[in-house]
Structures are given as structure tokens and as C-alpha cells.
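Enquirer: Below is the file coords-v2.pdb, with PDB, C-alpha atoms.
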```pdb
ATOM      1  CA  ARG J  29      69.592 -60.437 -24.447
ATOM      2  CA  THR J  30      73.180 -60.771 -23.231
ATOM      3  CA  SER J  31      72.052 -60.154 -19.648
ATOM      4  CA  VAL J  32      69.413 -62.859 -20.025
ATOM      5  CA  SER J  33      72.044 -65.314 -21.183
ATOM      6  CA  ILE J  34      74.265 -64.389 -18.236
ATOM      7  CA  TYR J  35      71.392 -64.937 -15.819
ATOM      8  CA  ALA J  36      70.723 -68.292 -17.455
ATOM      9  CA  ALA J  37      74.403 -69.215 -17.129
ATOM     10  CA  LEU J  38      74.433 -68.308 -13.429
ATOM     11  CA  LEU J  39      71.269 -70.287 -12.875
ATOM     12  CA  CYS J  40      72.790 -73.301 -14.609
ATOM     13  CA  PHE J  41      75.932 -72.968 -12.544
ATOM     14  CA  LEU J  42      73.974 -72.816  -9.297
ATOM     15  CA  ALA J  43      71.874 -75.787 -10.303
ATOM     16  CA  TYR J  44      74.959 -77.733 -11.307
ATOM     17  CA  ASN J  45      76.693 -76.838  -8.039
ATOM     18  CA  PHE J  46      73.645 -77.613  -5.942
ATOM     19  CA  PHE J  47      72.758 -80.979  -7.480
ATOM     20  CA  PHE J  48      75.920 -82.457  -9.026
ATOM     21  CA  THR J  49      79.002 -81.310  -7.078
ATOM     22  CA  ASP J  50      80.154 -82.316  -3.648
ATOM     23  CA  PRO J  51      78.821 -81.502  -1.153
ATOM     24  CA  ARG J  52      75.476 -82.043  -2.883
ATOM     25  CA  LEU J  53      72.380 -80.028  -2.005
ATOM     26  CA  SER J  54      74.702 -77.226  -1.013
ATOM     27  CA  LEU J  55      76.136 -74.139  -2.734
ATOM     28  CA  HIS J  56      79.574 -74.536  -1.191
ATOM     29  CA  ILE J  57      82.503 -75.014  -3.576
ATOM     30  CA  THR J  58      85.112 -77.320  -2.092
ATOM     31  CA  SER J  59      87.278 -77.776  -5.192
ATOM     32  CA  ALA J  60      88.874 -75.298  -7.540
ATOM     33  CA  ALA J  61      87.920 -77.584 -10.406
ATOM     34  CA  ASP J  62      84.271 -76.751  -9.777
ATOM     35  CA  LEU J  63      84.943 -73.194 -10.976
ATOM     36  CA  VAL J  64      85.549 -74.464 -14.494
ATOM     37  CA  PRO J  65      81.850 -75.132 -15.270
ATOM     38  CA  VAL J  66      80.715 -71.630 -14.289
ATOM     39  CA  LEU J  67      83.396 -70.057 -16.448
ATOM     40  CA  ALA J  68      82.399 -72.319 -19.320
ATOM     41  CA  PHE J  69      78.709 -71.440 -18.783
ATOM     42  CA  LEU J  70      79.490 -67.710 -18.751
ATOM     43  CA  ALA J  71      81.675 -67.875 -21.855
ATOM     44  CA  ALA J  72      79.093 -69.888 -23.749
ATOM     45  CA  ALA J  73      76.326 -67.557 -22.600
ATOM     46  CA  LEU J  74      78.213 -64.466 -23.759
ATOM     47  CA  VAL J  75      78.982 -65.923 -27.172
ATOM     48  CA  CYS J  76      75.484 -67.276 -27.714
ATOM     49  CA  GLY J  77      73.914 -64.075 -26.416
ATOM     50  CA  GLN J  78      75.875 -61.936 -28.845
ATOM     51  CA  LEU J  79      75.028 -64.245 -31.736
ATOM     52  CA  ALA J  80      71.341 -64.302 -30.795
ATOM     53  CA  ALA J  81      71.245 -60.504 -30.436
ATOM     54  CA  ARG J  82      72.893 -60.056 -33.812
ATOM     55  CA  GLN J  83      70.521 -62.526 -35.425
ATOM     56  CA  HIS J  84      67.528 -60.794 -33.843
ATOM     57  CA  ALA J  85      68.722 -57.401 -35.063
ATOM     58  CA  GLN J  86      69.083 -58.749 -38.597
ATOM     59  CA  VAL J  87      65.591 -60.232 -38.487
ATOM     60  CA  VAL J  88      64.162 -56.926 -37.255
ATOM     61  CA  MET J  89      66.000 -55.034 -39.994
ATOM     62  CA  LEU J  90      64.751 -57.435 -42.668
ATOM     63  CA  ARG J  91      61.173 -57.150 -41.427
ATOM     64  CA  ALA J  92      61.413 -53.356 -41.349
ATOM     65  CA  ALA J  93      62.923 -53.282 -44.854
ATOM     66  CA  ASN J  94      60.183 -55.569 -46.131
ATOM     67  CA  GLU J  95      57.492 -53.412 -44.547
ATOM     68  CA  HIS J  96      59.076 -50.237 -45.916
ATOM     69  CA  ALA J  97      59.248 -51.730 -49.395
ATOM     70  CA  ARG J  98      55.602 -52.783 -49.216
ATOM     71  CA  VAL J  99      54.470 -49.329 -48.059
ATOM     72  CA  LEU J 100      56.522 -47.523 -50.687
ATOM     73  CA  LEU J 101      55.340 -49.882 -53.443
ATOM     74  CA  SER J 102      51.700 -49.318 -52.527
ATOM     75  CA  LEU J 103      52.270 -45.570 -52.296
ATOM     76  CA  GLY J 104      54.042 -45.545 -55.661
ATOM     77  CA  GLU J 105      51.067 -47.201 -57.320
ATOM     78  CA  ARG J 106      48.675 -44.611 -55.856
ATOM     79  CA  LEU J 107      50.940 -41.708 -56.771
ATOM     80  CA  ALA J 108      51.280 -42.992 -60.331
ATOM     81  CA  ALA J 109      47.489 -42.944 -60.659
ATOM     82  CA  ALA J 110      47.148 -39.439 -59.152
ATOM     83  CA  VAL J 111      46.232 -36.769 -61.703
ATOM     84  CA  ASP J 112      46.706 -33.636 -59.585
ATOM     85  CA  GLU J 113      48.330 -32.380 -56.402
ATOM     86  CA  ALA J 114      45.234 -32.965 -54.275
ATOM     87  CA  GLN J 115      45.277 -36.697 -55.010
ATOM     88  CA  VAL J 116      49.041 -36.835 -54.435
ATOM     89  CA  PHE J 117      48.731 -35.222 -51.000
ATOM     90  CA  GLN J 118      45.775 -37.390 -50.013
ATOM     91  CA  ALA J 119      47.530 -40.635 -50.975
ATOM     92  CA  ALA J 120      50.758 -39.678 -49.193
ATOM     93  CA  CYS J 121      48.960 -38.486 -46.042
ATOM     94  CA  GLU J 122      46.998 -41.713 -45.764
ATOM     95  CA  ALA J 123      50.170 -43.774 -46.306
ATOM     96  CA  GLN J 124      52.018 -41.835 -43.591
ATOM     97  CA  ALA J 125      49.159 -42.057 -41.114
ATOM     98  CA  THR J 126      48.672 -45.795 -41.671
ATOM     99  CA  ALA J 127      52.323 -46.872 -41.727
ATOM    100  CA  LEU J 128      53.560 -44.670 -38.870
ATOM    101  CA  GLU J 129      50.340 -44.392 -36.830
ATOM    102  CA  CYS J 130      50.594 -40.614 -36.576
ATOM    103  CA  ASP J 131      48.763 -37.413 -37.479
ATOM    104  CA  VAL J 132      49.822 -35.810 -40.764
ATOM    105  CA  VAL J 133      49.366 -32.276 -42.125
ATOM    106  CA  VAL J 134      50.731 -31.120 -45.485
ATOM    107  CA  PHE J 135      51.420 -27.452 -46.207
ATOM    108  CA  ARG J 136      51.865 -26.320 -49.824
ATOM    109  CA  ARG J 137      53.695 -23.165 -50.813
ATOM    110  CA  ASP J 138      51.500 -20.923 -52.973
ATOM    111  CA  PRO J 139      53.188 -20.344 -56.378
ATOM    112  CA  GLY J 140      51.986 -16.733 -56.360
ATOM    113  CA  ASP J 141      52.808 -15.122 -53.012
ATOM    114  CA  GLY J 142      54.902 -17.980 -51.548
ATOM    115  CA  ALA J 143      52.699 -18.336 -48.439
ATOM    116  CA  LEU J 144      52.079 -21.771 -46.919
ATOM    117  CA  ARG J 145      48.554 -23.077 -47.176
ATOM    118  CA  ARG J 146      47.119 -26.240 -45.697
ATOM    119  CA  ALA J 147      46.702 -28.764 -48.496
ATOM    120  CA  CYS J 148      45.756 -32.017 -46.721
ATOM    121  CA  ALA J 149      45.410 -33.489 -43.224
ATOM    122  CA  VAL J 150      44.768 -36.926 -41.720
ATOM    123  CA  PRO J 151      42.647 -36.846 -39.646
ATOM    124  CA  ILE J 152      40.864 -33.920 -41.236
ATOM    125  CA  GLU J 153      40.084 -32.134 -37.951
ATOM    126  CA  VAL J 154      43.689 -31.890 -36.746
ATOM    127  CA  HIS J 155      45.150 -28.383 -36.472
ATOM    128  CA  LEU J 156      48.437 -26.718 -35.499
ATOM    129  CA  GLU J 157      49.139 -24.022 -32.960
ATOM    130  CA  PRO J 158      50.544 -20.655 -34.134
ATOM    131  CA  LYS J 159      54.048 -21.580 -32.949
ATOM    132  CA  ASP J 160      53.853 -24.814 -34.929
ATOM    133  CA  ARG J 161      52.732 -22.912 -38.025
ATOM    134  CA  ALA J 162      55.742 -20.645 -37.568
ATOM    135  CA  ALA J 163      57.951 -23.740 -37.449
ATOM    136  CA  ALA J 164      56.386 -24.996 -40.687
ATOM    137  CA  ASP J 165      57.126 -21.616 -42.332
ATOM    138  CA  TRP J 166      60.747 -21.886 -41.181
ATOM    139  CA  VAL J 167      61.080 -25.392 -42.621
ATOM    140  CA  ALA J 168      59.650 -24.314 -45.990
ATOM    141  CA  ALA J 169      61.933 -21.259 -46.094
ATOM    142  CA  ASN J 170      65.132 -23.092 -45.111
ATOM    143  CA  ALA J 171      64.411 -26.568 -46.569
ATOM    144  CA  ARG J 172      65.568 -28.214 -43.328
ATOM    145  CA  PRO J 173      63.754 -30.441 -40.786
ATOM    146  CA  ALA J 174      62.608 -28.974 -37.474
ATOM    147  CA  GLY J 175      60.498 -29.819 -34.471
ATOM    148  CA  ARG J 176      60.549 -32.978 -32.429
ATOM    149  CA  GLY J 177      63.852 -34.832 -32.465
ATOM    150  CA  THR J 178      65.817 -31.941 -34.025
ATOM    151  CA  ASP J 179      67.828 -28.988 -32.753
ATOM    152  CA  THR J 180      65.305 -26.441 -34.087
ATOM    153  CA  VAL J 181      62.023 -25.928 -32.175
ATOM    154  CA  ALA J 182      62.738 -29.152 -30.307
ATOM    155  CA  GLY J 183      59.922 -28.472 -27.827
ATOM    156  CA  SER J 184      57.217 -28.857 -30.463
ATOM    157  CA  ALA J 185      55.096 -31.994 -30.520
ATOM    158  CA  TRP J 186      55.313 -32.017 -34.349
ATOM    159  CA  TRP J 187      58.136 -33.187 -36.555
ATOM    160  CA  PHE J 188      58.434 -31.059 -39.720
ATOM    161  CA  LEU J 189      59.998 -32.294 -42.957
ATOM    162  CA  PRO J 190      60.517 -30.146 -46.097
ATOM    163  CA  LEU J 191      59.142 -31.061 -49.528
ATOM    164  CA  VAL J 192      62.390 -30.550 -51.422
ATOM    165  CA  VAL J 193      62.764 -30.943 -55.207
ATOM    166  CA  GLU J 194      65.393 -29.796 -57.659
ATOM    167  CA  GLY J 195      63.651 -26.459 -58.192
ATOM    168  CA  GLY J 196      63.373 -25.598 -54.474
ATOM    169  CA  CYS J 197      61.102 -26.329 -51.522
ATOM    170  CA  LEU J 198      57.421 -26.915 -52.326
ATOM    171  CA  GLY J 199      56.175 -26.900 -48.723
ATOM    172  CA  ALA J 200      56.384 -28.832 -45.479
ATOM    173  CA  VAL J 201      54.942 -31.986 -43.901
ATOM    174  CA  ALA J 202      54.073 -32.080 -40.193
ATOM    175  CA  LEU J 203      53.991 -35.401 -38.314
ATOM    176  CA  ARG J 204      52.747 -35.853 -34.746
ATOM    177  CA  PHE J 205      53.288 -39.193 -33.031
ATOM    178  CA  PRO J 206      51.315 -40.374 -29.972
ATOM    179  CA  THR J 207      52.533 -39.162 -26.596
ATOM    180  CA  THR J 208      52.825 -42.788 -25.483
ATOM    181  CA  ARG J 209      55.670 -43.259 -27.948
ATOM    182  CA  PRO J 210      58.803 -41.858 -26.230
ATOM    183  CA  ARG J 211      60.942 -41.653 -29.358
ATOM    184  CA  VAL J 212      60.824 -42.233 -33.061
ATOM    185  CA  THR J 213      62.925 -45.174 -34.192
ATOM    186  CA  ASP J 214      65.462 -44.941 -36.982
ATOM    187  CA  GLU J 215      63.342 -47.220 -39.171
ATOM    188  CA  GLN J 216      60.327 -44.951 -38.740
ATOM    189  CA  ARG J 217      62.416 -41.885 -39.536
ATOM    190  CA  ARG J 218      63.749 -43.443 -42.707
ATOM    191  CA  LEU J 219      60.275 -44.500 -43.796
ATOM    192  CA  ALA J 220      58.825 -41.034 -43.098
ATOM    193  CA  GLU J 221      61.617 -39.344 -45.045
ATOM    194  CA  ALA J 222      61.176 -41.755 -47.965
ATOM    195  CA  ILE J 223      57.430 -41.105 -48.137
ATOM    196  CA  VAL J 224      57.985 -37.330 -47.989
ATOM    197  CA  GLN J 225      60.528 -37.576 -50.793
ATOM    198  CA  GLN J 226      58.100 -39.591 -52.910
ATOM    199  CA  MET J 227      55.423 -36.999 -52.184
ATOM    200  CA  ALA J 228      57.702 -34.152 -53.263
ATOM    201  CA  LEU J 229      58.648 -35.859 -56.535
ATOM    202  CA  ALA J 230      55.015 -36.706 -57.335
ATOM    203  CA  THR J 231      53.946 -33.126 -56.538
ATOM    204  CA  ASP J 232      56.622 -31.739 -58.828
ATOM    205  CA  ARG J 233      55.524 -34.140 -61.558
ATOM    206  CA  ALA J 234      51.852 -33.151 -61.149
ATOM    207  CA  GLN J 235      52.772 -29.457 -61.287
ATOM    208  CA  LEU J 236      54.827 -30.008 -64.438
ATOM    209  CA  ALA J 237      51.953 -31.938 -66.031
ATOM    210  CA  ALA J 238      49.535 -29.124 -65.161
ATOM    211  CA  ASN J 239      51.885 -26.541 -66.691
ATOM    212  CA  LEU J 240      52.247 -28.597 -69.874
ATOM    213  CA  GLU J 241      48.480 -29.016 -70.115
ATOM    214  CA  SER J 242      47.976 -25.287 -69.617
ATOM    215  CA  ALA J 243      50.530 -24.520 -72.325
ATOM    216  CA  ARG J 244      48.838 -26.990 -74.679
ATOM    217  CA  VAL J 245      45.410 -25.436 -74.080
ATOM    218  CA  GLU J 246      46.804 -21.941 -74.615
ATOM    219  CA  GLY J 247      48.404 -23.080 -77.861
ATOM    220  CA  GLU J 248      45.176 -24.634 -79.122
ATOM    221  CA  THR J 249      43.232 -21.532 -78.089
ATOM    222  CA  GLU J 250      45.644 -19.312 -80.002
ATOM    223  CA  GLN J 251      45.328 -21.524 -83.068
ATOM    224  CA  LEU J 252      41.544 -21.419 -82.815
ATOM    225  CA  ARG J 253      41.626 -17.637 -82.409
ATOM    226  CA  THR J 254      43.828 -17.281 -85.489
ATOM    227  CA  ALA J 255      41.593 -19.564 -87.558
ATOM    228  CA  LEU J 256      38.473 -17.747 -86.363
ATOM    229  CA  LEU J 257      39.915 -14.343 -87.242
ATOM    230  CA  ALA J 258      40.913 -15.588 -90.696
ATOM    231  CA  SER J 259      37.444 -17.046 -91.225
ATOM    232  CA  VAL J 260      35.753 -13.875 -89.991
ATOM    233  CA  SER J 261      37.909 -11.749 -92.288
ATOM    234  CA  ASP J 262      36.860 -13.830 -95.300
ATOM    235  CA  ASP J 263      33.193 -13.976 -94.304
ATOM    236  CA  LEU J 264      32.916 -10.258 -93.579
ATOM    237  CA  GLY J 265      35.042  -9.198 -96.540
ATOM    238  CA  ALA J 266      32.738 -10.699 -99.176
ATOM    239  CA  PRO J 267      29.486  -8.894 -98.235
ATOM    240  CA  LEU J 268      31.354  -5.664 -97.495
ATOM    241  CA  GLY J 269      32.986  -5.776-100.913
ATOM    242  CA  ALA J 270      29.664  -6.411-102.641
ATOM    243  CA  MET J 271      27.965  -3.588-100.735
ATOM    244  CA  LEU J 272      30.772  -1.140-101.468
ATOM    245  CA  GLY J 273      30.787  -2.089-105.161
ATOM    246  CA  ALA J 274      27.002  -1.626-105.517
ATOM    247  CA  ALA J 275      27.099   1.685-103.645
ATOM    248  CA  SER J 276      29.976   2.933-105.822
ATOM    249  CA  ARG J 277      28.092   2.096-109.022
ATOM    250  CA  LEU J 278      24.971   3.833-107.737
ATOM    251  CA  THR J 279      26.981   6.938-106.897
ATOM    252  CA  ALA J 280      28.901   7.041-110.167
ATOM    253  CA  HIS J 281      26.093   6.147-112.627
ATOM    254  CA  ASP J 282      22.935   7.252-110.869
ATOM    255  CA  ALA J 283      21.951   9.755-113.560
ATOM    256  CA  THR J 284      22.319   7.378-116.505
ATOM    257  CA  MET J 285      21.203   4.186-114.770
ATOM    258  CA  SER J 286      17.829   2.662-115.489
ATOM    259  CA  GLU J 287      15.309   2.021-112.758
ATOM    260  CA  GLU J 288      15.700  -1.760-113.128
ATOM    261  CA  ALA J 289      19.497  -1.621-112.738
ATOM    262  CA  ARG J 290      19.166   0.739-109.783
ATOM    263  CA  ARG J 291      16.713  -1.669-108.084
ATOM    264  CA  ARG J 292      19.061  -4.622-108.636
ATOM    265  CA  LEU J 293      21.956  -2.766-107.023
ATOM    266  CA  VAL J 294      19.762  -1.757-104.077
ATOM    267  CA  ASP J 295      18.716  -5.424-103.659
ATOM    268  CA  VAL J 296      22.390  -6.417-103.670
ATOM    269  CA  VAL J 297      23.092  -3.901-100.911
ATOM    270  CA  ARG J 298      20.118  -5.156 -98.895
ATOM    271  CA  ARG J 299      20.968  -8.874 -99.270
ATOM    272  CA  GLU J 300      24.627  -8.380 -98.462
ATOM    273  CA  GLY J 301      23.680  -6.161 -95.524
ATOM    274  CA  GLU J 302      21.402  -8.896 -94.143
ATOM    275  CA  ARG J 303      24.169 -11.427 -94.678
ATOM    276  CA  LEU J 304      26.618  -9.203 -92.827
ATOM    277  CA  ASP J 305      24.094  -8.700 -90.008
ATOM    278  CA  ARG J 306      23.709 -12.480 -89.706
ATOM    279  CA  TYR J 307      27.481 -12.926 -89.408
ATOM    280  CA  VAL J 308      27.690 -10.258 -86.732
ATOM    281  CA  HIS J 309      24.889 -11.873 -84.718
ATOM    282  CA  ASN J 310      26.628 -15.252 -84.972
ATOM    283  CA  LEU J 311      29.845 -13.737 -83.697
ATOM    284  CA  MET J 312      28.003 -12.140 -80.784
ATOM    285  CA  ASP J 313      26.366 -15.483 -79.925
ATOM    286  CA  MET J 314      29.778 -17.209 -80.008
ATOM    287  CA  THR J 315      31.190 -14.557 -77.677
ATOM    288  CA  ARG J 316      28.290 -14.970 -75.263
ATOM    289  CA  LEU J 317      28.588 -18.760 -75.403
ATOM    290  CA  GLY J 318      32.299 -18.584 -74.582
ATOM    291  CA  SER J 319      31.817 -16.174 -71.689
ATOM    292  CA  GLY J 320      29.001 -18.173 -70.090
ATOM    293  CA  PRO J 321      25.819 -16.044 -69.915
ATOM    294  CA  LEU J 322      24.211 -17.722 -72.943
ATOM    295  CA  LYS J 323      21.695 -20.360 -71.768
ATOM    296  CA  LEU J 324      20.359 -23.097 -73.986
ATOM    297  CA  ARG J 325      16.620 -23.518 -74.471
ATOM    298  CA  ARG J 326      16.128 -27.275 -74.435
ATOM    299  CA  ASP J 327      13.177 -28.771 -76.271
ATOM    300  CA  TRP J 328      12.187 -32.078 -77.727
TER     301      TRP J 328
END
```
If you took the structure in this file and wrote it as C-alpha cells, what would it be?

Expert:
Amino acid sequence: RTSVSIYAALLCFLAYNFFFTDPRLSLHITSAADLVPVLAFLAAALVCGQLAARQHAQVVMLRAANEHARVLLSLGERLAAAVDEAQVFQAACEAQATALECDVVVFRRDPGDGALRRACAVPIEVHLEPKDRAAADWVAANARPAGRGTDTVAGSAWWFLPLVVEGGCLGAVALRFPTTRPRVTDEQRRLAEAIVQQMALATDRAQLAANLESARVEGETEQLRTALLASVSDDLGAPLGAMLGAASRLTAHDATMSEEARRRLVDVVRREGERLDRYVHNLMDMTRLGSGPLKLRRDW
């Protein structure tokens, strides 16, 4: 913009010299006083050009900051509504692809073996070459950016950013900008890094929520198991006690016991045995229902 103002100043000087100074309709300068206007034009052009360039830069920065705030606000609302990692990755990938007009692939480190696995991609059909996958592994292992615009694997068409949280690196995000875009601006870099940071925090939060839910379910399952064992002990103890008592009386007093008393004790053993058999069958049905093979027979 400064060069434009200088060109405008020169044009004004030539026009002033051609139309308003003697000799008119000529570019000759016959007086030293005629040099004053061109110097004034140049000085004014330089000052105004610098002010205009500074004002333009401030306007561009304000627009970029406003756009970044809008993107991050919208992403924050989607991440707050996400209930698991899959929704977090999908929301962040779509925000990156829309705001930066690029391809996005998210790699998540497996909690078990630590290997990187593809978690999300926009567009879905995009894929990375083996050398790019190796770069993603390096980023996840070292928690440092790599790829395009960095000193590590600079020849790659992808720009890799780590998903870093307090507990370590959760994975890596790969961004590929169009070949028609010669370089990534500072505003785009800051926005990409902010979105990746939001993604990492939301992923950590979703993982923590899943762990808490798993712990809660395990606690409730243990409580249910304890209550069931206590109930089973009471239910099985009563018929077993009655059967053992009747059998003991039959064994001890069989010779002196009347036929009627013997029949009553045998009936007690039979009833309590049937009761015990019913409890056992109920327990077996509960086990089958919990493991899955039990199918309901629906009827009106």
C-alpha cells in the first residue's frame, strides 16, 4: 500500500507539473521552487500510506479474531453436547474442515497397546501414505508438530499437530491444505492450534466421564452381587435346614416313630426339596438371562 501511495504521489506531481507550472503542458522544471510540491506529495503519501496500512492490518486482525471467536464458540457448544469421543472427533473435524477449508484426519492412541488408530476423517474417503502415517506416529510419540511448515518431515503435504493434555499425548491431527494455497497464514495456524487444543481437552473429558461411568457401573454391579448372594444364602438356607432337620429326626427316631409322624417328615423333605429345586432353577434362569442366550417367548 505504501508503493501505491508513492505512485499516486508521483502521478499527482506529474499532473501538477504538466498542467499548473511554467512552462505548462510540459514536464520541464524551470524553478527550484517547483520541487517543493513533489517532496510534499511524497511525504504525505508515505505518512498516509503507513497509516492506511496499519489501519488495514488492524481491521484484518479484528475480522480474523471475530471469526476465530465465532468458530471456537460454535465448536465449544458442540463439544459440550458430545457424550463420547466419536462425537468429539466428528465435531472438531467438521469445524476444522469448514473454517480452514482443508482435509482433516484424527488419529487416536489406543489405551491398550498405544498404537495409533484412525478415529475420524473429513472427507471420509481421505487417506494417508505410509510415510505420512509414520510422521503421525512420530508426532504422537514426541508430542511435537511435524510436516508441512515445520522442520520435521517438511516435505509432507500434511501438517500434523499433537493432541496434548496434562496426562500425555492422546493422538495426532493431520491437516492438508489445497495445493493452490502456497502457505498457511499465522491466523490460520492459531485457529488450527486452538481447535486441536479444544479437541484434546474435550477428548480427555469424555475419557474421564467414561471411566467414571464404568467405575459407577462396576460399583453397582458389586452391590447387586453382594445383595444377591445374601438373598440366595437366606433362601437356600431355610429349605436346607428344614430338610436336614427332618432327615435327622427320621434317622434318630425311626424305630419309635409312628407311621403318621414318619409321613409328615417325609412330606417336609419333599416340599423343601421342591422349594430348593425352584430356587436353583430361578438362579439358573437369572444366569442365562444375564449372559444372553435366554430368549423371551412373547405372547398376548

Enquirer: Give as a PyMOL selection string the residues that the PyMOL selection byres ((chain J and resi 106-115) around 12) matches when applied to the coordinates above.

Expert: chain J and resi 99-105+116-123+134-136+146-149+198+223+226-239+241

Enquirer: Would you mind telling me which residue in J:Gly199, J:Gly140, J:Gly183, J:Gly301 lies nearest to Ala168 in chain J when using all atoms listed in the file?

Expert: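 Looking at the shortest contact to Ala168 in chain J, the residue is J:Gly199.
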
Enquirer: In the coordinate frame of the file, compute which residues have an atom within 9 Å of (41.3, -38.3, -39.5) when using all atoms listed in the file, and state them as a VMD selection string.

Expert: chain J and resid 125 131 to 132 149 to 154

Enquirer: Evaluating the PyMOL selection byres ((chain J and resi 184) around 10) on the displayed file yields which residues, as a VMD selection string?

Expert: chain J and resid 157 159 to 160 163 174 to 178 180 to 183 185 to 188 204

Enquirer: When the PyMOL selection byres ((chain J and resi 268-273) around 12) is applied to the structure above, which residues does it catch, written out as a tab-separated table (two decimals) with C-alpha atoms, in the coordinates of the input?

Expert:
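Output below, filename expr_39.tsv:
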```tsv
chain	number	residue	atom	x	y	z
J	260	VAL	CA	35.75	-13.88	-89.99
J	261	SER	CA	37.91	-11.75	-92.29
J	262	ASP	CA	36.86	-13.83	-95.30
J	263	ASP	CA	33.19	-13.98	-94.30
J	264	LEU	CA	32.92	-10.26	-93.58
J	265	GLY	CA	35.04	-9.20	-96.54
J	266	ALA	CA	32.74	-10.70	-99.18
J	267	PRO	CA	29.49	-8.89	-98.24
J	274	ALA	CA	27.00	-1.63	-105.52
J	275	ALA	CA	27.10	1.68	-103.64
J	276	SER	CA	29.98	2.93	-105.82
J	277	ARG	CA	28.09	2.10	-109.02
J	278	LEU	CA	24.97	3.83	-107.74
J	279	THR	CA	26.98	6.94	-106.90
J	280	ALA	CA	28.90	7.04	-110.17
J	292	ARG	CA	19.06	-4.62	-108.64
J	293	LEU	CA	21.96	-2.77	-107.02
J	294	VAL	CA	19.76	-1.76	-104.08
J	295	ASP	CA	18.72	-5.42	-103.66
J	296	VAL	CA	22.39	-6.42	-103.67
J	297	VAL	CA	23.09	-3.90	-100.91
J	298	ARG	CA	20.12	-5.16	-98.90
J	299	ARG	CA	20.97	-8.87	-99.27
J	300	GLU	CA	24.63	-8.38	-98.46
J	301	GLY	CA	23.68	-6.16	-95.52
J	302	GLU	CA	21.40	-8.90	-94.14
J	303	ARG	CA	24.17	-11.43	-94.68
J	304	LEU	CA	26.62	-9.20	-92.83
J	305	ASP	CA	24.09	-8.70	-90.01
J	307	TYR	CA	27.48	-12.93	-89.41
```

Enquirer: Which neighbours of range 55-59 of chain J fall inside 10 Å, counting only C-alpha atoms, when residues of the same chain fewer than 3 positions from it are skipped, and could you give them as a list of chain:residue names?

Expert: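 Residues meeting the cut-off are J:Phe41, J:Leu42, J:Ala43, J:Tyr44, J:Asn45, J:Phe46, J:Phe47, J:Thr49, J:Asp50, J:Pro51, J:Arg52, J:Asp62, J:Leu63.
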
Enquirer: Can I get the selection written as a JSON list (two decimals), in the coordinates of the input, with C-alpha atoms?

Expert:
```json
[["chain", "number", "residue", "atom", "x", "y", "z"],
["J", 41, "PHE", "CA", 75.93, -72.97, -12.54],
["J", 42, "LEU", "CA", 73.97, -72.82, -9.30],
["J", 43, "ALA", "CA", 71.87, -75.79, -10.30],
["J", 44, "TYR", "CA", 74.96, -77.73, -11.31],
["J", 45, "ASN", "CA", 76.69, -76.84, -8.04],
["J", 46, "PHE", "CA", 73.64, -77.61, -5.94],
["J", 47, "PHE", "CA", 72.76, -80.98, -7.48],
["J", 49, "THR", "CA", 79.00, -81.31, -7.08],
["J", 50, "ASP", "CA", 80.15, -82.32, -3.65],
["J", 51, "PRO", "CA", 78.82, -81.50, -1.15],
["J", 52, "ARG", "CA", 75.48, -82.04, -2.88],
["J", 62, "ASP", "CA", 84.27, -76.75, -9.78],
["J", 63, "LEU", "CA", 84.94, -73.19, -10.98]]
```

Enquirer: Quick check, in Å to one decimal: how far apart do CA of Val308 in chain J and CA of Ala289 in chain J lie?

Expert: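 About the pair CA of Val308 in chain J and CA of Ala289 in chain J: they are 28.6 Å apart.
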
Enquirer: Just want the 12 Å neighbourhood of Glu221 in chain J, counted on all atoms listed in the file, with same-chain residues fewer than 2 positions away dropped. Output as a PyMOL selection string.

Expert: chain J and resi 96+100+120+124+128+172-173+187-192+200-203+214-219+223-228

Enquirer: Could you jot down the CA of Pro206 in chain J to CA of Cys130 in chain J separation for me, Å, one decimal place?

Expert: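 Result for CA of Pro206 in chain J versus CA of Cys130 in chain J: 6.6 Å, one decimal.
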
Enquirer: May I ask for the distance between CA of Arg137 in chain J and CA of Ala164 in chain J, given in Å to one decimal place?

Expert: 10.6 Å

Enquirer: Edge lengths and centre in Å to one decimal, as AutoDock Vina command-line options, of the axis-aligned box that encloses all listed atoms of range 144-150 of chain J with 3 Å added on every side?

Expert:
```
--center_x 48.4 --center_y -29.3 --center_z -45.1 --size_x 13.3 --size_y 21.2 --size_z 12.8
```
